[in-house]
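Report on one structure; see the data block that follows.
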Amino acid sequence: MTHIKRPKPTGSTAEFCKLQEDFKDSERRYRCLFEGSKDMIFITFKDGSFQDVNQAAVELLGYDSKEDLLSVGSAEKVYHNTMHWRVFQRQIDRDGFVKDFEAKFRKKDGSLLHCLLSGNAVWGKEGEIIGYQGIAKDITARMDAIRNFRQRHHELLVLNSVAFAMNKTHDLDIVLEIALKKVLEVLGLTAGAIFLIDHDKCAFMLKSHHGLPENITAKNSQIQLYDKALMKSLLKKDLVLTPEPIFPPFRAMLKSGNNQPPIELTCFLITAKEKASGFLALEVPPDKDIIRGHDFHLLGSLGNFLGGAIENANLLQTIDRHREELKGLTAKLFHSQEVERKRIARELHDEAGQALTGINFTLETVEKELSPELDSIKERIFDIKKQINRTYHEMRRISYRLHPAILSDLGLEPALDAYLRDISKHSDLRVDFKMVGFEDRVGSEIESILYRISQEALTNTLKHADANHFKLSIIKSYPQIIFLAEDDGVGFDVGEFNGHKQALGLLSMRERAAILGGKFKLRTSKGKGTRIRIEIPIKESAHD
């Protein structure tokens, strides 16, 4: 305990007795504060050996009695890091005090006590430092809370990074790479990998790795689980897992075909919908203890989250593949339809047209051979010839609408110009048409699709829009062709698009545009007309 100098008797005996009583009262109050404090208080000599400790120090450090703690000898021995004791001494020697210095003490059972330490010097008669007294406040619970908070923050950072990657791309390899790098960063590790289970090949496939030797690839690497029964179970297609926050880790050995030593890995399962999707494999140094509660929590959350990400990515890839297949089938359907229209148009024009012309000539020959008195028969022949002529022109019109020969022979602009002029003659709709930038013809596929889209847009306007004016513009502005079709008709509610009578035609236009990789945009509302904009990228072959 700090040395308190007793007063020497001076003056009257009464004054001396009063001083003695005040001294004893002060000593009692000091002792009461010393022993009653809930914080650890200790007093040491200059060399660090204990002079005195309070009961709170005994209890916080887990010793049986004050004598048990004092028998340790030196305060330095209860510091987790002896450098902290030396810094404590050095600062007091320099400044006379130290305030709120963080230090860890080792309890009797070996566990650690995190404290906030303040102290000051004990001075001798000549003004020299003869010892130290300190008070340590236990902040272990506070530091644990801070560590847990930081760990939750790191965990959310990892999950947020994976979620962001999923929103940014459907590429599963990128999502897995980001997840692996983030978890290694948070856990303070340098190497790891992610393996997915391929049930069709009955194998674990390396999908992403970081920090492993560069010559390790999916083709030349092989991973073996130490638990053979677990390995066999994970490769089963019909394996059903009961959902858990985290499954126990397991050990594995990664081998490569380049005479490299095998790599020991600690693995954590990735699951989704009661199925094992793969596992996260981490290279943990022998001196690092990764098996801690908060690390388990992070790896469990990541395993479940990655499982969902893998499931979603696979589903999106399947959807994209089916969409591409559907686009290909649609393109084939439209191509077959165009070929069939062209064939029918040609047969109508060549076969049926020639047949009608031949019939007409035959009737004229018969008419010439008839005697003058058979006027009634001549009148009937004349009527038949008029019907044949009407049928011939109607067939030519149908043939042109099925596939105009002018489209193949002269190109898109003459074909559309002729088609739109014909529509204007037979309707009250005012039509404006222009094509800009088409010094050379584009590919026949693009011409056919633009022609059909134009037909569909005008047909919708005629049938449903009740419009007075239709405007069609096709602009070639590298690297895209811009198609614009506008009318001043009644429009419709886009929210009711699927049930609208124009939906089939609009869907056909969108599908045709999609075949060329185009973007379809529809702008309309009730009473404000309809505007269709399609942007079609110009491929090099078409541009050339």
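Here's how to read the names in the structure tokens: chain A, B, ... by the order shown, residue numbers from 1 in each chain, ligand numbers from 1 in the order shown.
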
>> What parts of segment 247-478 of chain A does DSSP call alpha helix (DSSP H)? I'd like the answer as an NGL selection string.
In response: :A and (293-347 or 353-369 or 375-402 or 405-409 or 412-425 or 444-460)

Shell around Leu516 of chain A at 12 Å using only C-alpha atoms, local window under 4 positions removed, as an mmCIF file with C-alpha atoms, in the first residue's frame:
```cif
data_model
loop_
_atom_site.group_PDB
_atom_site.id
_atom_site.type_symbol
_atom_site.label_atom_id
_atom_site.label_comp_id
_atom_site.auth_asym_id
_atom_site.auth_seq_id
_atom_site.Cartn_x
_atom_site.Cartn_y
_atom_site.Cartn_z
ATOM 1 C CA LYS A 327 -35.158 -17.218 -80.314
ATOM 2 C CA GLY A 328 -33.453 -19.646 -82.677
ATOM 3 C CA THR A 330 -38.596 -18.386 -83.728
ATOM 4 C CA ALA A 331 -36.035 -17.257 -86.284
ATOM 5 C CA GLY A 443 -28.716 -8.064 -95.663
ATOM 6 C CA GLU A 445 -32.745 -11.060 -93.542
ATOM 7 C CA ILE A 446 -32.771 -7.512 -92.161
ATOM 8 C CA GLU A 447 -34.739 -6.270 -95.181
ATOM 9 C CA SER A 448 -37.350 -9.015 -94.811
ATOM 10 C CA ILE A 449 -37.772 -8.409 -91.064
ATOM 11 C CA LEU A 450 -38.011 -4.616 -91.449
ATOM 12 C CA GLN A 480 -27.630 0.637 -85.468
ATOM 13 C CA ILE A 481 -30.749 0.887 -87.561
ATOM 14 C CA MET A 509 -42.783 -7.289 -84.021
ATOM 15 C CA ARG A 510 -40.813 -7.667 -80.789
ATOM 16 C CA GLU A 511 -39.872 -11.261 -81.607
ATOM 17 C CA ARG A 512 -38.752 -10.331 -85.103
ATOM 18 C CA PHE A 520 -38.225 -2.980 -78.832
ATOM 19 C CA ILE A 534 -36.855 -0.492 -82.534
ATOM 20 C CA GLU A 535 -33.055 -0.328 -82.436
ATOM 21 C CA ILE A 536 -31.308 -3.042 -84.443
ATOM 22 C CA PRO A 537 -27.511 -3.367 -84.237
ATOM 23 C CA ILE A 538 -25.759 -3.429 -87.607
ATOM 24 C CA LYS A 539 -23.567 -6.490 -87.883
ATOM 25 C CA ALA A 542 -24.715 -6.409 -92.963
#
```

>> Can you tell me which residues surround segment 39-48 of chain A at a distance of at most 8 Å, considering only C-alpha atoms, apart from same-chain residues fewer than 5 positions away, and format the answer as an MDAnalysis selection string?
In response: chainID A and resid 1:2 34 53:57 60 74:76 129:138

Atoms to include: C-alpha atoms. Write the selected residues as a compact mmCIF listing (two decimals), in the first residue's frame.
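File produced: part12.txt:
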```txt
# COMPACT_ATOMS: atom_id res chain seq x y z
CA MET A 1 0.00 0.00 0.00
CA THR A 2 1.16 3.63 -0.61
CA PHE A 34 -9.29 0.41 -2.06
CA VAL A 53 -3.78 -5.65 -4.49
CA ASN A 54 -7.47 -5.26 -3.74
CA GLN A 55 -10.07 -8.03 -3.56
CA ALA A 56 -11.48 -7.11 -7.01
CA ALA A 57 -8.06 -7.90 -8.55
CA LEU A 60 -11.11 -10.68 -11.70
CA SER A 74 5.73 -9.54 -10.30
CA ALA A 75 2.92 -7.68 -12.04
CA GLU A 76 4.71 -8.37 -15.31
CA ILE A 129 9.63 7.19 -8.17
CA ILE A 130 9.68 4.21 -5.87
CA GLY A 131 6.71 2.30 -7.31
CA TYR A 132 3.52 2.35 -9.31
CA GLN A 133 -0.17 2.18 -8.54
CA GLY A 134 -2.76 1.37 -11.12
CA ILE A 135 -6.46 0.78 -11.60
CA ALA A 136 -7.73 -1.52 -14.36
CA LYS A 137 -11.35 -1.50 -15.56
CA ASP A 138 -12.61 -4.76 -17.05
```

> If you count only C-alpha atoms, which residues fall within 8 Å of segment 162-175 of chain A, apart from same-chain ones fewer than 5 positions away, as a PyMOL selection string?
Replying inline: chain A and resi 207-208+306+309-310+313-314+316-317

> Among segment 69-159 of chain A, which residues carry a DSSP assignment of strand (DSSP E), reported as a PyMOL selection string?
Replying inline: chain A and resi 97-106+112-123+129-138

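Remark: for Leu187 of chain A, the closest of the candidate residues A:Leu70, A:Leu299, A:Ala121, A:Leu230 is A:Leu299 (distances computed over only C-alpha atoms).
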
>> Please report the interatomic distance between atom CA of Ser256 of chain A and atom CA of Ser221 of chain A in Å with one decimal.
In response: 4.3 Å

>> Report, in Å to a single decimal, how far apart atom CA of Trp85 of chain A and atom CA of Pro286 of chain A are.
In response: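 One can read the atom CA of Pro286 of chain A to atom CA of Trp85 of chain A distance as 29.7 Å.
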
>> List the spatial neighbours of Leu61 of chain A as JSON, numbers by chain - criterion: any atom at most 9 Å away, only C-alpha atoms, same-chain residues fewer than 4 positions off excluded.
In response: {"A": [40, 56, 57, 69, 78, 105, 106, 107, 108, 109, 112, 113]}

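Residues with any atom within 8 Å of Gly411 of chain A, counting only C-alpha atoms and excluding same-chain neighbours fewer than 4 positions away, are Ile406, Leu407, Ala415, Arg441 and Glu447 of chain A.
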
Keeping only N, CA and C atoms, take the residues you just selected and write them out as an mmCIF file, in the first residue's frame.
```
data_model
loop_
_atom_site.group_PDB
_atom_site.id
_atom_site.type_symbol
_atom_site.label_atom_id
_atom_site.label_comp_id
_atom_site.auth_asym_id
_atom_site.auth_seq_id
_atom_site.Cartn_x
_atom_site.Cartn_y
_atom_site.Cartn_z
ATOM 1 N N ILE A 406 -40.380 -7.204 -105.732
ATOM 2 C CA ILE A 406 -39.583 -5.978 -105.738
ATOM 3 C C ILE A 406 -38.647 -5.902 -104.534
ATOM 4 N N LEU A 407 -39.057 -6.552 -103.417
ATOM 5 C CA LEU A 407 -38.204 -6.565 -102.219
ATOM 6 C C LEU A 407 -36.909 -7.311 -102.509
ATOM 7 N N ALA A 415 -39.762 -1.426 -102.151
ATOM 8 C CA ALA A 415 -40.838 -2.346 -101.768
ATOM 9 C C ALA A 415 -41.794 -1.675 -100.785
ATOM 10 N N ARG A 441 -27.593 -1.521 -99.900
ATOM 11 C CA ARG A 441 -28.590 -2.428 -99.305
ATOM 12 C C ARG A 441 -27.983 -3.158 -98.110
ATOM 13 N N GLU A 447 -33.720 -6.871 -94.323
ATOM 14 C CA GLU A 447 -34.739 -6.270 -95.181
ATOM 15 C C GLU A 447 -36.090 -6.956 -95.005
#
```

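Using only C-alpha atoms, the nearest neighbour of Ser37 of chain A within the list A:Glu67, A:Asp440, A:Glu59, A:Glu413 is A:Glu59.
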